[in-house]
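**Student:** PDB, C-alpha atoms and all ligand atoms, saved as run30.pdb, coming up:
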ATOM      1  CA  MET A   1       4.907  38.223   2.343  1.00  0.00           C
ATOM      2  CA  ALA A   2       5.774  34.535   2.532  1.00  0.00           C
ATOM      3  CA  THR A   3       8.489  33.591   4.950  1.00  0.00           C
ATOM      4  CA  LEU A   4      11.298  31.519   3.563  1.00  0.00           C
ATOM      5  CA  GLN A   5      11.947  28.287   5.431  1.00  0.00           C
ATOM      6  CA  GLU A   6      15.171  26.402   5.541  1.00  0.00           C
ATOM      7  CA  THR A   7      14.818  23.103   3.705  1.00  0.00           C
ATOM      8  CA  ARG A   8      15.985  19.983   5.493  1.00  0.00           C
ATOM      9  CA  ILE A   9      15.790  16.381   4.331  1.00  0.00           C
ATOM     10  CA  ASN A  10      14.108  13.406   5.974  1.00  0.00           C
ATOM     11  CA  SER A  11      15.731  10.015   6.522  1.00  0.00           C
ATOM     12  CA  HIS A  12      14.983   9.023   2.893  1.00  0.00           C
ATOM     13  CA  GLY A  13      16.450  12.188   1.410  1.00  0.00           C
ATOM     14  CA  PHE A  14      13.208  14.037   0.619  1.00  0.00           C
ATOM     15  CA  PRO A  15      13.119  17.790   1.250  1.00  0.00           C
ATOM     16  CA  VAL A  16      11.030  18.659   4.319  1.00  0.00           C
ATOM     17  CA  ILE A  17       9.919  21.876   5.960  1.00  0.00           C
ATOM     18  CA  ASP A  18       7.886  22.690   9.083  1.00  0.00           C
ATOM     19  CA  CYS A  19       4.469  21.002   8.894  1.00  0.00           C
ATOM     20  CA  TYR A  20       1.859  23.277   7.265  1.00  0.00           C
ATOM     21  CA  ARG A  21      -0.766  22.372   9.844  1.00  0.00           C
ATOM     22  CA  CYS A  22       1.060  22.607  13.178  1.00  0.00           C
ATOM     23  CA  LYS A  23       3.886  24.943  12.074  1.00  0.00           C
ATOM     24  CA  GLY A  24       6.485  22.425  13.209  1.00  0.00           C
ATOM     25  CA  SER A  25       5.240  21.812  16.764  1.00  0.00           C
ATOM     26  CA  GLY A  26       3.876  18.322  16.016  1.00  0.00           C
ATOM     27  CA  THR A  27       0.762  19.085  18.070  1.00  0.00           C
ATOM     28  CA  TYR A  28      -2.675  20.270  17.071  1.00  0.00           C
ATOM     29  CA  SER A  29      -6.207  20.377  18.469  1.00  0.00           C
ATOM     30  CA  PHE A  30      -6.949  17.706  21.057  1.00  0.00           C
ATOM     31  CA  ASN A  31      -9.144  14.671  20.358  1.00  0.00           C
ATOM     32  CA  GLN A  32      -9.934  11.566  22.415  1.00  0.00           C
ATOM     33  CA  VAL A  33      -8.209   9.091  20.097  1.00  0.00           C
ATOM     34  CA  ASP A  34      -4.869  10.667  19.337  1.00  0.00           C
ATOM     35  CA  GLY A  35      -4.534  13.346  21.993  1.00  0.00           C
ATOM     36  CA  ASN A  36      -3.044  16.442  20.408  1.00  0.00           C
ATOM     37  CA  LYS A  37      -0.871  14.756  17.813  1.00  0.00           C
ATOM     38  CA  CYS A  38      -0.944  16.608  14.506  1.00  0.00           C
ATOM     39  CA  TYR A  39      -2.490  14.659  11.628  1.00  0.00           C
ATOM     40  CA  GLY A  40      -0.506  16.580   9.050  1.00  0.00           C
ATOM     41  CA  CYS A  41       2.860  15.197  10.183  1.00  0.00           C
ATOM     42  CA  ASN A  42       1.934  12.386  12.590  1.00  0.00           C
ATOM     43  CA  GLY A  43       3.649  14.341  15.355  1.00  0.00           C
ATOM     44  CA  SER A  44       7.037  14.774  13.715  1.00  0.00           C
ATOM     45  CA  GLY A  45       6.546  18.487  13.004  1.00  0.00           C
ATOM     46  CA  LEU A  46       7.917  17.961   9.514  1.00  0.00           C
ATOM     47  CA  ALA A  47       6.199  17.685   6.148  1.00  0.00           C
ATOM     48  CA  VAL A  48       7.607  16.930   2.728  1.00  0.00           C
ATOM     49  CA  ARG A  49       7.672  20.125   0.692  1.00  0.00           C
ATOM     50  CA  ARG A  50       4.626  20.607  -1.497  1.00  0.00           C
ATOM     51  CA  GLY A  51       4.495  20.164  -5.263  1.00  0.00           C
ATOM     52  CA  LYS A  52       7.006  17.944  -7.026  1.00  0.00           C
ATOM     53  CA  ALA A  53       8.545  16.678  -3.763  1.00  0.00           C
ATOM     54  CA  ALA A  54       5.170  15.736  -2.241  1.00  0.00           C
ATOM     55  CA  LYS A  55       4.202  13.904  -5.425  1.00  0.00           C
ATOM     56  CA  ALA A  56       7.491  11.952  -5.424  1.00  0.00           C
ATOM     57  CA  TRP A  57       7.071  11.176  -1.708  1.00  0.00           C
ATOM     58  CA  LYS A  58       3.566   9.785  -2.320  1.00  0.00           C
ATOM     59  CA  GLU A  59       4.900   7.587  -5.138  1.00  0.00           C
ATOM     60  CA  PHE A  60       7.753   6.417  -2.907  1.00  0.00           C
ATOM     61  CA  LEU A  61       5.322   5.454  -0.114  1.00  0.00           C
ATOM     62  CA  GLU A  62       3.066   3.623  -2.565  1.00  0.00           C
ATOM     63  CA  ALA A  63       6.064   1.621  -3.817  1.00  0.00           C
ATOM     64  CA  GLN A  64       6.791   0.224  -0.331  1.00  0.00           C
ATOM     65  CA  PRO A  65       6.331  -3.538  -0.178  1.00  0.00           C
ATOM     66  CA  SER A  66       3.145  -4.707   1.459  1.00  0.00           C
ATOM     67  CA  LYS A  67       3.391  -7.075   4.469  1.00  0.00           C
ATOM     68  CA  HIS A  68       0.556  -9.154   3.069  1.00  0.00           C
ATOM     69  CA  ILE A  69      -0.130 -10.693  -0.296  1.00  0.00           C
ATOM     70  CA  THR A  70      -3.288 -12.220  -1.740  1.00  0.00           C
ATOM     71  CA  VAL A  71      -3.090 -15.544  -3.539  1.00  0.00           C
ATOM     72  CA  GLN A  72      -3.921 -14.038  -6.947  1.00  0.00           C
ATOM     73  CA  HIS A  73      -0.880 -11.739  -6.681  1.00  0.00           C
ATOM     74  CA  MET A  74       1.619 -14.431  -5.675  1.00  0.00           C
ATOM     75  CA  THR A  75       4.391 -15.433  -8.038  1.00  0.00           C
ATOM     76  CA  PRO A  76       6.821 -18.360  -7.791  1.00  0.00           C
ATOM     77  CA  GLY A  77       9.661 -17.468  -5.436  1.00  0.00           C
ATOM     78  CA  ASP A  78       7.539 -15.409  -3.027  1.00  0.00           C
ATOM     79  CA  VAL A  79       8.045 -16.493   0.575  1.00  0.00           C
ATOM     80  CA  ILE A  80       4.871 -16.597   2.647  1.00  0.00           C
ATOM     81  CA  ALA A  81       3.950 -17.511   6.239  1.00  0.00           C
ATOM     82  CA  TRP A  82       2.249 -20.922   6.199  1.00  0.00           C
ATOM     83  CA  ASP A  83       1.485 -22.868   9.380  1.00  0.00           C
ATOM     84  CA  LYS A  84       3.794 -20.491  11.268  1.00  0.00           C
ATOM     85  CA  ARG A  85       6.765 -21.190   8.985  1.00  0.00           C
ATOM     86  CA  TRP A  86       8.220 -19.417   5.964  1.00  0.00           C
ATOM     87  CA  VAL A  87       7.685 -21.421   2.787  1.00  0.00           C
ATOM     88  CA  THR A  88       8.348 -20.582  -0.845  1.00  0.00           C
ATOM     89  CA  VAL A  89       5.643 -20.435  -3.502  1.00  0.00           C
ATOM     90  CA  VAL A  90       6.437 -23.010  -6.190  1.00  0.00           C
ATOM     91  CA  SER A  91       3.438 -22.330  -8.428  1.00  0.00           C
ATOM     92  CA  VAL A  92       0.091 -20.603  -8.389  1.00  0.00           C
ATOM     93  CA  GLU A  93      -2.544 -21.280 -11.040  1.00  0.00           C
ATOM     94  CA  GLN A  94      -5.937 -19.735 -11.614  1.00  0.00           C
ATOM     95  CA  GLY A  95      -8.622 -22.433 -11.396  1.00  0.00           C
ATOM     96  CA  ASN A  96     -12.394 -22.535 -11.750  1.00  0.00           C
ATOM     97  CA  ILE A  97     -14.816 -19.739 -10.963  1.00  0.00           C
ATOM     98  CA  SER A  98     -15.839 -19.864  -7.308  1.00  0.00           C
ATOM     99  CA  GLY A  99     -18.589 -17.276  -7.536  1.00  0.00           C
ATOM    100  CA  HIS A 100     -19.589 -13.845  -8.718  1.00  0.00           C
ATOM    101  CA  SER A 101     -20.075 -10.470  -7.150  1.00  0.00           C
ATOM    102  CA  GLU A 102     -22.668  -8.097  -8.570  1.00  0.00           C
ATOM    103  CA  THR A 103     -22.822  -4.347  -8.701  1.00  0.00           C
ATOM    104  CA  SER A 104     -25.820  -2.433 -10.048  1.00  0.00           C
ATOM    105  CA  TYR A 105     -26.215   1.085 -11.280  1.00  0.00           C
ATOM    106  CA  ARG A 106     -28.840   3.118 -13.129  1.00  0.00           C
ATOM    107  CA  ASP A 107     -28.008   3.996 -16.723  1.00  0.00           C
ATOM    108  CA  ARG A 108     -29.264   7.583 -17.082  1.00  0.00           C
ATOM    109  CA  SER A 109     -29.678   7.536 -20.881  1.00  0.00           C
ATOM    110  CA  THR A 110     -31.930   4.440 -20.974  1.00  0.00           C
ATOM    111  CA  ASP A 111     -33.232   4.581 -17.373  1.00  0.00           C
ATOM    112  CA  GLN A 112     -32.388   0.899 -17.069  1.00  0.00           C
ATOM    113  CA  THR A 113     -30.692  -0.785 -14.144  1.00  0.00           C
ATOM    114  CA  ILE A 114     -27.438  -2.352 -15.287  1.00  0.00           C
ATOM    115  CA  THR A 115     -25.996  -5.206 -13.268  1.00  0.00           C
ATOM    116  CA  GLU A 116     -22.364  -6.130 -13.720  1.00  0.00           C
ATOM    117  CA  ARG A 117     -21.149  -9.530 -12.636  1.00  0.00           C
ATOM    118  CA  THR A 118     -17.505  -9.955 -11.694  1.00  0.00           C
ATOM    119  CA  PRO A 119     -16.227 -13.532 -11.553  1.00  0.00           C
ATOM    120  CA  HIS A 120     -14.030 -14.685  -8.665  1.00  0.00           C
ATOM    121  CA  TYR A 121     -11.663 -17.613  -9.070  1.00  0.00           C
ATOM    122  CA  ASN A 122     -10.086 -20.336  -7.036  1.00  0.00           C
ATOM    123  CA  TYR A 123      -6.310 -20.652  -7.134  1.00  0.00           C
ATOM    124  CA  ARG A 124      -4.225 -23.785  -6.817  1.00  0.00           C
ATOM    125  CA  LEU A 125      -1.189 -23.040  -4.703  1.00  0.00           C
ATOM    126  CA  ILE A 126       1.832 -25.337  -4.488  1.00  0.00           C
ATOM    127  CA  LEU A 127       4.453 -24.621  -1.834  1.00  0.00           C
ATOM    128  CA  SER A 128       8.037 -25.763  -1.268  1.00  0.00           C
ATOM    129  CA  ASP A 129       6.989 -27.923   1.708  1.00  0.00           C
ATOM    130  CA  GLY A 130       4.769 -30.033  -0.565  1.00  0.00           C
ATOM    131  CA  THR A 131       1.524 -28.233   0.272  1.00  0.00           C
ATOM    132  CA  ASP A 132      -0.971 -28.395  -2.621  1.00  0.00           C
ATOM    133  CA  ARG A 133      -4.066 -26.397  -1.776  1.00  0.00           C
ATOM    134  CA  THR A 134      -6.945 -24.653  -3.536  1.00  0.00           C
ATOM    135  CA  LEU A 135      -7.680 -21.220  -2.115  1.00  0.00           C
ATOM    136  CA  GLY A 136     -10.338 -18.654  -2.854  1.00  0.00           C
ATOM    137  CA  GLU A 137      -9.421 -15.364  -4.509  1.00  0.00           C
ATOM    138  CA  GLY A 138      -8.508 -12.779  -1.888  1.00  0.00           C
ATOM    139  CA  SER A 139      -6.984 -15.289   0.543  1.00  0.00           C
ATOM    140  CA  GLN A 140      -4.283 -13.251   2.211  1.00  0.00           C
ATOM    141  CA  TYR A 141      -0.978 -14.293   3.742  1.00  0.00           C
ATOM    142  CA  ARG A 142       1.920 -12.560   5.408  1.00  0.00           C
ATOM    143  CA  ARG A 143       4.940 -12.440   3.174  1.00  0.00           C
ATOM    144  CA  LYS A 144       8.629 -12.205   3.866  1.00  0.00           C
ATOM    145  CA  ILE A 145       9.995  -8.844   2.843  1.00  0.00           C
ATOM    146  CA  THR A 146      13.553  -8.761   1.587  1.00  0.00           C
ATOM    147  CA  ALA A 147      15.785  -5.734   1.106  1.00  0.00           C
ATOM    148  CA  THR A 148      15.454  -5.868  -2.684  1.00  0.00           C
ATOM    149  CA  MET A 149      11.687  -5.275  -2.456  1.00  0.00           C
ATOM    150  CA  TYR A 150      12.176  -1.761  -1.101  1.00  0.00           C
ATOM    151  CA  PRO A 151      12.234   1.077  -3.607  1.00  0.00           C
ATOM    152  CA  ASP A 152      15.468   3.069  -3.868  1.00  0.00           C
ATOM    153  CA  PRO A 153      14.706   6.599  -2.583  1.00  0.00           C
ATOM    154  CA  ALA A 154      17.297   7.979  -4.986  1.00  0.00           C
ATOM    155  CA  ASP A 155      15.022   6.985  -7.866  1.00  0.00           C
ATOM    156  CA  TYR A 156      12.402   9.370  -6.457  1.00  0.00           C
ATOM    157  CA  THR A 157      14.452  12.241  -5.049  1.00  0.00           C
ATOM    158  CA  ALA A 158      16.495  12.915  -8.185  1.00  0.00           C
ATOM    159  CA  GLY A 159      15.913  16.502  -9.270  1.00  0.00           C
ATOM    160  CA  LEU A 160      13.984  17.622  -6.181  1.00  0.00           C
TER
HETATM  161 ZN    ZN A 201       2.041  18.754  11.924  1.00  0.00          ZN
END
With the file now loaded, output its structure as structure tokens.
Ligand SMILES: [Zn+2]
**Tutor:**
Amino acid sequence: MATLQETRINSHGFPVIDCYRCKGSGTYSFNQVDGNKCYGCNGSGLAVRRGKAAKAWKEFLEAQPSKHITVQHMTPGDVIAWDKRWVTVVSVEQGNISGHSETSYRDRSTDQTITERTPHYNYRLILSDGTDRTLGEGSQYRRKITATMYPDPADYTAGL
């Protein structure tokens, strides 16, 4: 018979119960890297309830703003760290192709090797301090995170 656990909520309002792995102790088998901290709950002893709640929690975590942004994902108004100062992106434009990456696989029906080439672009970035620079795709910068970038937990916990 399953034992019924009292449901609590975490700091974002998601329903949590004792961690499935460590039964709420926060500790599990010892290893050199993390000692005996439980991987299931990162030592908190709590886990978001399975099913709908866990799915909503995963979506909520994925919606958190990233501390870094690559040039191809920048939009005007983003604030990035540049020469140890915060500057605003004025414009970002895709430029010429800087190179290609290739991936190969065997096509089973024809027994041919198929090679796919993916182009990579340069981007021209103009910043509020007058910087005008061409950067390769994937160039990554720290970005300033503002309160409005965070998802509203209420949008995820409704109906849980
Ligand atoms: Zn645990």
**Student:** Just want the 7 Å neighbourhood of stretch 119-123 of chain A, counted on only C-alpha atoms, with same-chain residues fewer than 2 positions away dropped. Output as an MDAnalysis selection string.
**Tutor:** chainID A and resid 92:101 117 125 134:137
**Student:** List all protein, DNA and RNA residues that have an atom no more than 6 Å from any atom of ligand ZN 201 (chain A), counting all atoms listed in the file, and report them as a VMD selection string.
**Tutor:** chain A and resid 19 21 to 22 24 26 38 40 to 41 43 45
**Student:** Of the residues A:Met149, A:Ala154, A:Val79, A:Val71, which is the one nearest to A:Ala56, using only C-alpha atoms?
**Tutor:** A:Ala154
**Student:** Residues picked by the PyMOL selection byres (((chain A and resi 58) around 12) and not hetatm) here, as a ChimeraX atom specification?
**Tutor:** /A:14,47-57,59-64,153,156-157
**Student:** Can you work out which one of A:Glu6, A:Asp155, A:Asp129, A:Asp34 has the shortest atom-to-atom distance to A:Val87, counting only C-alpha atoms?
**Tutor:**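 Answer, going by the shortest atom-to-atom distance: A:Asp129.
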**Student:** Might you spell out which residues the PyMOL selection byres (((chain A and resi 142) around 10) and not hetatm) would select in the displayed file, as a ChimeraX atom specification?
**Tutor:** /A:66-70,79-82,86,140-141,143-145
**Student:** Measure the distance from atom CA of A:Pro15 to atom CA of A:Thr146 in Å and round it to one decimal.
**Tutor:**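 Going from atom CA of A:Pro15 over to atom CA of A:Thr146, I get 26.6 Å.
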**Student:** Using Å and a single decimal, report how far atom CA of A:Asp83 sits from atom CA of A:Thr131.
**Tutor:** 10.6 Å
**Student:** Evaluate the PyMOL selection byres (((chain A and resi 7) around 6) and not hetatm) here and jot the selected residues down as a short mmCIF file (atom, residue, chain, number, x, y, z; two decimals) with C-alpha atoms, keeping the file's coordinate frame.
**Tutor:**
data_model
loop_
_atom_site.label_atom_id
_atom_site.label_comp_id
_atom_site.auth_asym_id
_atom_site.auth_seq_id
_atom_site.Cartn_x
_atom_site.Cartn_y
_atom_site.Cartn_z
CA GLU A 6 15.17 26.40 5.54
CA ARG A 8 15.98 19.98 5.49
CA VAL A 16 11.03 18.66 4.32
CA ILE A 17 9.92 21.88 5.96
#
**Student:** Compare A:Thr115, A:Arg133, A:Pro65, A:Asp78 by their minimum atom-to-atom distance to A:Asp152, counting all atoms listed in the file, and give me the closest one.
**Tutor:**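 Looking at the shortest contact to A:Asp152, the residue is A:Pro65.
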**Student:** By how many Å are atom CA of A:Val90 and atom CA of A:Gly77 apart?
**Tutor:** 6.5 Å
**Student:** Compare A:Gly35, A:Gly138, A:Pro151, A:Pro76 by their minimum atom-to-atom distance to A:Ile126, counting all atoms listed in the file, and give me the closest one.
**Tutor:**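 Smallest separation from A:Ile126 among the options: A:Pro76.
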